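Q: Attaching a single structure in structure tokens format; questions to follow.
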Amino acid sequence: MGVVVDNAGQYLAGMAMTVALTLVSFSAALVIGTVVAAFRVSPVPPLRTAGTLWVETVRNTPLTVLMVLFFFGFTKLGIQYSAFTSAVIVLSAYTSTFVAETVRSGINAVAKGQAEAARSLGLTFPQVLGRVVLPQAFRTVLAPLGSVFIALIKNSSIASIISVVELTEVADRLNNETARPVAVFLGAGMAYLLLTLPSGFLVGVLERRVAIKR
Amino acid sequence: MVEPLVVATKVNKWFGPLHVLKDVDLTVEKGEVVVVLGPSGSGKSTLCRTLNRLEPIHSGTIEIDGVGLPEEGKALAKLRSDVGMVFQSFNLFAHKTVLQNVTLGPEKVRKMPRREARERAMALLERVGIAEKADRYPAELSGGQQQRAAIARALAMDPKVMLFDEPTSALDPEMIKEVLDVMLELAHEGTTMIVVSHEMGFARSAARRVAFMDEGRIVEVAPPEQFFHDPESARARDFLGKVLAH
Ligand SMILES: Nc1ncnc2c1ncn2[C@@H]1O[C@H](COP(=O)(O)OP(=O)(O)O)[C@@H](O)[C@H]1O
Ligand SMILES: [Mg+2]
């Protein structure tokens, strides 16, 4: 494992990039995914269709394909985003579909009477959703949202194919220099665990803190 | 002077092939209490829910204070804010405290300042006897307390009419009275109320009229003394026989 220790600085920089990709993409995915989930349960048919189309096309395409198509496709069209920005856009879009489906299942799990009581008070559809349904939906789907977050940490490794120097790209380059794949990728695997394990733990803590008394 | 507040005319409603409301006519005057009763499945809940358009109707008209129910949207939301609704299963917002349940409508719909909304909410909770539970969550309250909180939540909007759909039938017997007492007080204060309930005692002492429903029709409307003592229709006699036998 000497190769890992010797290059600890590069690993740390890679981890920092992975964290940055993950946090920025997840924040965007939460917003987009929640809006898409709202579209899918809205009383307006065109919005429902748009939400379904977004989820079914983006979710059912491999992330690698999306990453390459977006980065190189847009360059061809003369639109140039940096590798980091491209990776964030693609990861956000991809993750938003999983957020949307998770949030939607949370919305469906909220008792129908909750929305009916809110409508009876005169709340409008966005108010019913924002004040009554979503706050309860999010609480019930914190655990699966945590899984989406952890999946995103790992999915961010796909950004390496457009040369974002995150953890996997760091390992890839070190491997090319040293030809010691096992040690180099064991180091990367452990670095990922340092990110994913605490995330899972934090989700558990958060889940207990916001649980609704029943 | 007669001032009709709720006017349903020739209302028809289907659930798929099931004809659940058949040419229903119902007029409720300002300050009047009408108790709706009838066998299970006769359409009482559906009628109640069509009055604030939680259920849309297929034909006929419904007017609240002279205004026909609009399509889903801002105007309907506005109209719903004037129609209080109390459900059999309370439906208090599970993630909000009792006080927050009561202030949500006034703050978000009426745009009332938070302080004022809280003060009025506390006064209402005082009135229904659960002020000390203001900072508790619904799940920490008994059924009777939850239903009283739900009544306070509806009253906080200063509704023109209150709809109650079997407000005591999910309650343990010892809690029924505390809810009925609150409703009786409202009735005596002149609140316009439409109450789906089989509580004879309440109907006798609070209702001006009783409407009997059977298979989607309002079969008979009469003052409670007359209805309970000498119902016109055979259906009602049959129903009363079954209910009173308990
Ligand atoms: N959402 C619904 N979908 C289909 N059928 C329904 C629905 N709600 C009620 N019904 C049916 O409509 C009829 C009237 O129901 P309801 O108004 O709840 O009666 P009540 O309150 O008098 O017991 C019943 O046959 C019931 O099964
Ligand atoms: Mg019913």
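Ordering of the structure tokens sets the chain letters (A, B, ...), residue numbers begin anew at 1 in every chain, and ligands are numbered from 1 in the order given.
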Just want the residues within 9 Å of ligand 2, written as a PyMOL selection string, counting only C-alpha atoms and all ligand atoms.
A: chain B and resi 40-46+48+88+165-166+196
Q: Do you have, as JSON lines, the list of residues of chain B lying at most 12 Å from ligand 1, each with its nearest atom pair and that distance in Å to one decimal, counting only C-alpha atoms and all ligand atoms and ordered by chain then number?
A:
{"residue": "B:Lys13", "atom": "CA", "partner": "ligand 1", "partner_atom_place_in_ligand_line": "12 (O)", "distance": 9.3}
{"residue": "B:Trp14", "atom": "CA", "partner": "ligand 1", "partner_atom_place_in_ligand_line": "12 (O)", "distance": 8.0}
{"residue": "B:Phe15", "atom": "CA", "partner": "ligand 1", "partner_atom_place_in_ligand_line": "4 (C)", "distance": 4.9}
{"residue": "B:Gly16", "atom": "CA", "partner": "ligand 1", "partner_atom_place_in_ligand_line": "4 (C)", "distance": 7.1}
{"residue": "B:Pro17", "atom": "CA", "partner": "ligand 1", "partner_atom_place_in_ligand_line": "4 (C)", "distance": 9.3}
{"residue": "B:Leu18", "atom": "CA", "partner": "ligand 1", "partner_atom_place_in_ligand_line": "12 (O)", "distance": 7.0}
{"residue": "B:His19", "atom": "CA", "partner": "ligand 1", "partner_atom_place_in_ligand_line": "12 (O)", "distance": 7.8}
{"residue": "B:Val20", "atom": "CA", "partner": "ligand 1", "partner_atom_place_in_ligand_line": "13 (C)", "distance": 5.2}
{"residue": "B:Leu21", "atom": "CA", "partner": "ligand 1", "partner_atom_place_in_ligand_line": "14 (C)", "distance": 8.0}
{"residue": "B:Lys22", "atom": "CA", "partner": "ligand 1", "partner_atom_place_in_ligand_line": "14 (C)", "distance": 11.1}
{"residue": "B:Val36", "atom": "CA", "partner": "ligand 1", "partner_atom_place_in_ligand_line": "22 (O)", "distance": 9.2}
{"residue": "B:Leu37", "atom": "CA", "partner": "ligand 1", "partner_atom_place_in_ligand_line": "22 (O)", "distance": 7.8}
{"residue": "B:Gly38", "atom": "CA", "partner": "ligand 1", "partner_atom_place_in_ligand_line": "22 (O)", "distance": 6.4}
{"residue": "B:Pro39", "atom": "CA", "partner": "ligand 1", "partner_atom_place_in_ligand_line": "22 (O)", "distance": 6.1}
{"residue": "B:Ser40", "atom": "CA", "partner": "ligand 1", "partner_atom_place_in_ligand_line": "23 (O)", "distance": 3.6}
{"residue": "B:Gly41", "atom": "CA", "partner": "ligand 1", "partner_atom_place_in_ligand_line": "19 (O)", "distance": 3.4}
{"residue": "B:Ser42", "atom": "CA", "partner": "ligand 1", "partner_atom_place_in_ligand_line": "22 (O)", "distance": 3.9}
{"residue": "B:Gly43", "atom": "CA", "partner": "ligand 1", "partner_atom_place_in_ligand_line": "17 (O)", "distance": 3.2}
{"residue": "B:Lys44", "atom": "CA", "partner": "ligand 1", "partner_atom_place_in_ligand_line": "22 (O)", "distance": 3.7}
{"residue": "B:Ser45", "atom": "CA", "partner": "ligand 1", "partner_atom_place_in_ligand_line": "21 (O)", "distance": 3.6}
{"residue": "B:Thr46", "atom": "CA", "partner": "ligand 1", "partner_atom_place_in_ligand_line": "17 (O)", "distance": 3.7}
{"residue": "B:Leu47", "atom": "CA", "partner": "ligand 1", "partner_atom_place_in_ligand_line": "17 (O)", "distance": 6.4}
{"residue": "B:Cys48", "atom": "CA", "partner": "ligand 1", "partner_atom_place_in_ligand_line": "17 (O)", "distance": 8.0}
{"residue": "B:Arg49", "atom": "CA", "partner": "ligand 1", "partner_atom_place_in_ligand_line": "17 (O)", "distance": 8.3}
{"residue": "B:Thr50", "atom": "CA", "partner": "ligand 1", "partner_atom_place_in_ligand_line": "17 (O)", "distance": 9.8}
{"residue": "B:Leu54", "atom": "CA", "partner": "ligand 1", "partner_atom_place_in_ligand_line": "1 (N)", "distance": 10.5}
{"residue": "B:Glu55", "atom": "CA", "partner": "ligand 1", "partner_atom_place_in_ligand_line": "1 (N)", "distance": 8.5}
{"residue": "B:Pro56", "atom": "CA", "partner": "ligand 1", "partner_atom_place_in_ligand_line": "1 (N)", "distance": 11.1}
{"residue": "B:Phe87", "atom": "CA", "partner": "ligand 1", "partner_atom_place_in_ligand_line": "21 (O)", "distance": 11.2}
{"residue": "B:Gln88", "atom": "CA", "partner": "ligand 1", "partner_atom_place_in_ligand_line": "21 (O)", "distance": 10.2}
{"residue": "B:Phe164", "atom": "CA", "partner": "ligand 1", "partner_atom_place_in_ligand_line": "21 (O)", "distance": 11.3}
{"residue": "B:Asp165", "atom": "CA", "partner": "ligand 1", "partner_atom_place_in_ligand_line": "21 (O)", "distance": 7.8}
{"residue": "B:Glu166", "atom": "CA", "partner": "ligand 1", "partner_atom_place_in_ligand_line": "21 (O)", "distance": 8.3}
{"residue": "B:Pro167", "atom": "CA", "partner": "ligand 1", "partner_atom_place_in_ligand_line": "21 (O)", "distance": 11.8}
{"residue": "B:Ser169", "atom": "CA", "partner": "ligand 1", "partner_atom_place_in_ligand_line": "21 (O)", "distance": 11.5}
{"residue": "B:Val195", "atom": "CA", "partner": "ligand 1", "partner_atom_place_in_ligand_line": "21 (O)", "distance": 11.5}
{"residue": "B:Val196", "atom": "CA", "partner": "ligand 1", "partner_atom_place_in_ligand_line": "21 (O)", "distance": 8.1}
{"residue": "B:Ser197", "atom": "CA", "partner": "ligand 1", "partner_atom_place_in_ligand_line": "21 (O)", "distance": 9.8}
{"residue": "B:His198", "atom": "CA", "partner": "ligand 1", "partner_atom_place_in_ligand_line": "22 (O)", "distance": 11.0}
{"residue": "B:Phe212", "atom": "CA", "partner": "ligand 1", "partner_atom_place_in_ligand_line": "22 (O)", "distance": 10.2}
{"residue": "B:Met213", "atom": "CA", "partner": "ligand 1", "partner_atom_place_in_ligand_line": "22 (O)", "distance": 7.6}
{"residue": "B:Asp214", "atom": "CA", "partner": "ligand 1", "partner_atom_place_in_ligand_line": "22 (O)", "distance": 8.0}
{"residue": "B:Glu215", "atom": "CA", "partner": "ligand 1", "partner_atom_place_in_ligand_line": "14 (C)", "distance": 7.9}
{"residue": "B:Gly216", "atom": "CA", "partner": "ligand 1", "partner_atom_place_in_ligand_line": "14 (C)", "distance": 7.2}
{"residue": "B:Arg217", "atom": "CA", "partner": "ligand 1", "partner_atom_place_in_ligand_line": "22 (O)", "distance": 10.4}
{"residue": "B:Ile218", "atom": "CA", "partner": "ligand 1", "partner_atom_place_in_ligand_line": "22 (O)", "distance": 11.1}
Q: Mind writing the picked residues with C-alpha atoms as an mmCIF file, in the first residue's frame?
A:
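Contents of again.cif, freshly written:
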data_model
loop_
_atom_site.group_PDB
_atom_site.id
_atom_site.type_symbol
_atom_site.label_atom_id
_atom_site.label_comp_id
_atom_site.auth_asym_id
_atom_site.auth_seq_id
_atom_site.Cartn_x
_atom_site.Cartn_y
_atom_site.Cartn_z
ATOM 1 C CA LYS B 13 -72.941 11.916 -9.124
ATOM 2 C CA TRP B 14 -71.578 8.601 -10.318
ATOM 3 C CA PHE B 15 -68.599 6.533 -9.248
ATOM 4 C CA GLY B 16 -68.061 4.677 -12.508
ATOM 5 C CA PRO B 17 -71.342 2.846 -13.103
ATOM 6 C CA LEU B 18 -72.497 3.444 -9.522
ATOM 7 C CA HIS B 19 -75.095 6.212 -9.254
ATOM 8 C CA VAL B 20 -74.378 7.547 -5.751
ATOM 9 C CA LEU B 21 -76.310 10.837 -5.719
ATOM 10 C CA LYS B 22 -79.667 10.925 -7.479
ATOM 11 C CA VAL B 36 -78.148 13.960 7.583
ATOM 12 C CA LEU B 37 -78.682 10.330 8.354
ATOM 13 C CA GLY B 38 -79.265 7.103 6.526
ATOM 14 C CA PRO B 39 -77.852 3.631 6.071
ATOM 15 C CA SER B 40 -74.197 3.033 5.320
ATOM 16 C CA GLY B 41 -73.458 3.505 1.636
ATOM 17 C CA SER B 42 -76.482 5.738 1.027
ATOM 18 C CA GLY B 43 -74.261 8.629 -0.136
ATOM 19 C CA LYS B 44 -74.044 10.833 2.971
ATOM 20 C CA SER B 45 -70.275 11.269 2.868
ATOM 21 C CA THR B 46 -70.328 11.823 -0.865
ATOM 22 C CA LEU B 47 -72.977 14.522 -0.516
ATOM 23 C CA CYS B 48 -70.927 16.208 2.178
ATOM 24 C CA ARG B 49 -67.793 16.087 0.030
ATOM 25 C CA THR B 50 -69.513 17.473 -3.044
ATOM 26 C CA LEU B 54 -63.730 17.461 -2.812
ATOM 27 C CA GLU B 55 -65.832 15.329 -5.130
ATOM 28 C CA PRO B 56 -66.919 16.900 -8.430
ATOM 29 C CA PHE B 87 -63.756 14.401 8.961
ATOM 30 C CA GLN B 88 -64.530 11.113 10.598
ATOM 31 C CA PHE B 164 -69.275 17.331 9.738
ATOM 32 C CA ASP B 165 -68.958 13.831 8.291
ATOM 33 C CA GLU B 166 -69.635 11.354 11.095
ATOM 34 C CA PRO B 167 -67.401 13.287 13.500
ATOM 35 C CA SER B 169 -68.083 7.490 14.743
ATOM 36 C CA VAL B 195 -73.893 17.148 10.188
ATOM 37 C CA VAL B 196 -73.806 13.555 9.036
ATOM 38 C CA SER B 197 -74.396 11.691 12.262
ATOM 39 C CA HIS B 198 -76.488 8.991 13.840
ATOM 40 C CA PHE B 212 -82.866 11.018 5.617
ATOM 41 C CA MET B 213 -80.887 9.519 2.732
ATOM 42 C CA ASP B 214 -81.310 6.154 1.152
ATOM 43 C CA GLU B 215 -79.663 4.782 -1.993
ATOM 44 C CA GLY B 216 -78.445 8.172 -3.144
ATOM 45 C CA ARG B 217 -81.708 10.055 -2.622
ATOM 46 C CA ILE B 218 -82.917 12.356 0.071
#
Q: Can you check which parts of segment 104-158 of chain A lie within 10 Å of segment 36-57 of chain A? Per residue, the shortest pair of atoms and distance in Å to one decimal, counting only C-alpha atoms, sorted by chain and number, as a Markdown table.
A:
| residue | atom | partner | partner_atom | distance |
| --- | --- | --- | --- | --- |
| A:Arg104 | CA | A:Ala37 | CA | 5.2 |
| A:Ser105 | CA | A:Ala37 | CA | 9.0 |
| A:Gly106 | CA | A:Ala37 | CA | 9.8 |
| A:Ile107 | CA | A:Val41 | CA | 8.4 |
| A:Asn108 | CA | A:Val41 | CA | 8.9 |
| A:Phe125 | CA | A:Ser42 | CA | 8.0 |
| A:Pro126 | CA | A:Ala38 | CA | 8.6 |
| A:Leu129 | CA | A:Ala38 | CA | 7.7 |
| A:Gly130 | CA | A:Ala38 | CA | 9.5 |
| A:Leu134 | CA | A:Ala38 | CA | 9.1 |
Q: Could you list, as a compact mmCIF listing (two decimals) with C-alpha atoms, in the first residue's frame, every residue of chain B that has an atom within 9 Å of an atom of chain A, counting only C-alpha atoms?
A:
# COMPACT_ATOMS: atom_id res chain seq x y z
CA ASN B 52 -66.92 21.83 -1.09
CA ARG B 53 -66.11 19.99 -4.29
CA LEU B 54 -63.73 17.46 -2.81
CA GLY B 73 -58.20 26.39 -9.04
CA LYS B 74 -57.76 29.61 -7.06
CA LEU B 76 -62.39 27.11 -5.67
CA ALA B 77 -59.69 27.30 -3.00
CA LYS B 78 -61.11 30.65 -1.96
CA LEU B 79 -64.60 29.23 -1.72
CA ARG B 80 -63.40 26.19 0.21
CA SER B 81 -61.85 28.46 2.80
CA ASP B 82 -65.40 29.54 3.68
CA VAL B 83 -66.62 25.97 4.14
CA GLY B 84 -65.28 24.23 7.24
CA MET B 85 -64.95 20.47 7.06
CA VAL B 86 -64.58 17.98 9.89
CA PHE B 87 -63.76 14.40 8.96
CA SER B 89 -60.80 10.34 10.82
CA PHE B 90 -59.81 13.86 12.01
CA ASN B 91 -57.07 14.26 9.38
CA LEU B 92 -54.97 16.56 11.54
CA PHE B 93 -51.63 17.35 9.88
CA ALA B 94 -49.38 14.72 11.43
CA HIS B 95 -46.15 16.72 11.18
CA LYS B 96 -47.54 19.86 12.81
CA LEU B 104 -51.90 27.09 8.95
CA GLY B 105 -55.10 28.14 7.19
CA PRO B 106 -55.35 31.66 8.62
CA LYS B 108 -51.40 30.84 4.42
CA VAL B 109 -54.90 31.38 3.08
CA TYR B 137 -48.48 16.53 18.01
CA PRO B 138 -51.78 14.93 16.91
CA ALA B 139 -50.57 11.42 17.70
CA GLU B 140 -50.10 12.44 21.33
CA ARG B 153 -58.81 24.16 12.82
CA ALA B 154 -61.95 24.47 10.72
CA MET B 157 -61.16 30.13 8.98
Q: Near Phe70 of chain A, within 12 Å and counting only C-alpha atoms, which residues show up once chain neighbours fewer than 3 positions away are dropped, as an MDAnalysis selection string?
A: chainID A and resid 63:67 73:83 85:91 93:94 159 162
Q: Grab the residues selected above and save them as a compact mmCIF listing (two decimals), in the first residue's frame with N, CA and C atoms.
A:
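Just written: part_27.txt:
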# COMPACT_ATOMS: atom_id res chain seq x y z
N LEU A 63 -25.54 5.95 -17.40
CA LEU A 63 -24.91 7.20 -17.04
C LEU A 63 -23.70 7.50 -17.93
N THR A 64 -22.94 6.46 -18.25
CA THR A 64 -21.76 6.64 -19.11
C THR A 64 -22.16 7.23 -20.47
N VAL A 65 -23.24 6.70 -21.00
CA VAL A 65 -23.72 7.18 -22.30
C VAL A 65 -24.12 8.65 -22.21
N LEU A 66 -24.87 8.97 -21.16
CA LEU A 66 -25.30 10.36 -20.98
C LEU A 66 -24.10 11.29 -20.85
N MET A 67 -23.11 10.84 -20.09
CA MET A 67 -21.93 11.67 -19.83
C MET A 67 -21.19 11.97 -21.14
N GLY A 73 -21.19 15.75 -27.32
CA GLY A 73 -22.28 16.19 -28.19
C GLY A 73 -22.43 17.69 -28.19
N PHE A 74 -22.42 18.28 -27.01
CA PHE A 74 -22.61 19.73 -26.95
C PHE A 74 -21.39 20.48 -27.49
N THR A 75 -20.21 19.88 -27.32
CA THR A 75 -19.02 20.50 -27.90
C THR A 75 -19.17 20.59 -29.41
N LYS A 76 -19.69 19.51 -30.00
CA LYS A 76 -19.91 19.49 -31.43
C LYS A 76 -20.87 20.57 -31.89
N LEU A 77 -21.88 20.83 -31.02
CA LEU A 77 -22.86 21.87 -31.34
C LEU A 77 -22.30 23.26 -31.08
N GLY A 78 -21.04 23.30 -30.61
CA GLY A 78 -20.41 24.59 -30.39
C GLY A 78 -20.67 25.15 -29.00
N ILE A 79 -21.35 24.36 -28.13
CA ILE A 79 -21.56 24.82 -26.76
C ILE A 79 -20.51 24.15 -25.88
N GLN A 80 -19.74 24.93 -25.16
CA GLN A 80 -18.62 24.36 -24.43
C GLN A 80 -18.78 24.60 -22.93
N TYR A 81 -19.03 23.51 -22.21
CA TYR A 81 -19.00 23.60 -20.75
C TYR A 81 -17.71 22.95 -20.28
N SER A 82 -17.21 23.36 -19.11
CA SER A 82 -16.04 22.69 -18.55
C SER A 82 -16.43 21.26 -18.20
N ALA A 83 -15.42 20.40 -18.02
CA ALA A 83 -15.69 19.01 -17.68
C ALA A 83 -16.45 18.94 -16.36
N THR A 85 -18.47 21.22 -14.94
CA THR A 85 -19.87 21.65 -15.14
C THR A 85 -20.67 20.58 -15.86
N SER A 86 -20.07 20.00 -16.90
CA SER A 86 -20.78 18.94 -17.64
C SER A 86 -21.10 17.78 -16.73
N ALA A 87 -20.13 17.38 -15.92
CA ALA A 87 -20.36 16.24 -15.02
C ALA A 87 -21.47 16.56 -14.04
N VAL A 88 -21.48 17.78 -13.49
CA VAL A 88 -22.52 18.16 -12.54
C VAL A 88 -23.90 18.14 -13.22
N ILE A 89 -23.97 18.67 -14.43
CA ILE A 89 -25.26 18.70 -15.12
C ILE A 89 -25.78 17.28 -15.35
N VAL A 90 -24.89 16.41 -15.85
CA VAL A 90 -25.34 15.05 -16.16
C VAL A 90 -25.69 14.28 -14.88
N LEU A 91 -24.83 14.39 -13.87
CA LEU A 91 -25.12 13.68 -12.61
C LEU A 91 -26.41 14.20 -11.97
N ALA A 93 -29.02 15.58 -13.51
CA ALA A 93 -30.17 15.14 -14.31
C ALA A 93 -30.46 13.67 -14.02
N TYR A 94 -29.41 12.86 -14.08
CA TYR A 94 -29.57 11.41 -13.86
C TYR A 94 -30.13 11.14 -12.47
N ALA A 159 -17.55 10.51 -13.94
CA ALA A 159 -17.00 11.78 -14.43
C ALA A 159 -15.55 11.60 -14.89
N ILE A 162 -14.70 11.84 -18.63
CA ILE A 162 -14.48 13.12 -19.31
C ILE A 162 -13.39 13.89 -18.57
Q: Please identify the alpha helix (DSSP H) residues within segment 39-152 of chain A (assignment by DSSP from backbone atoms) and present them as a PyMOL selection string.
A: chain A and resi 39-41+45-59+63-76+83-109+112-120+125-127+134-140+142-152
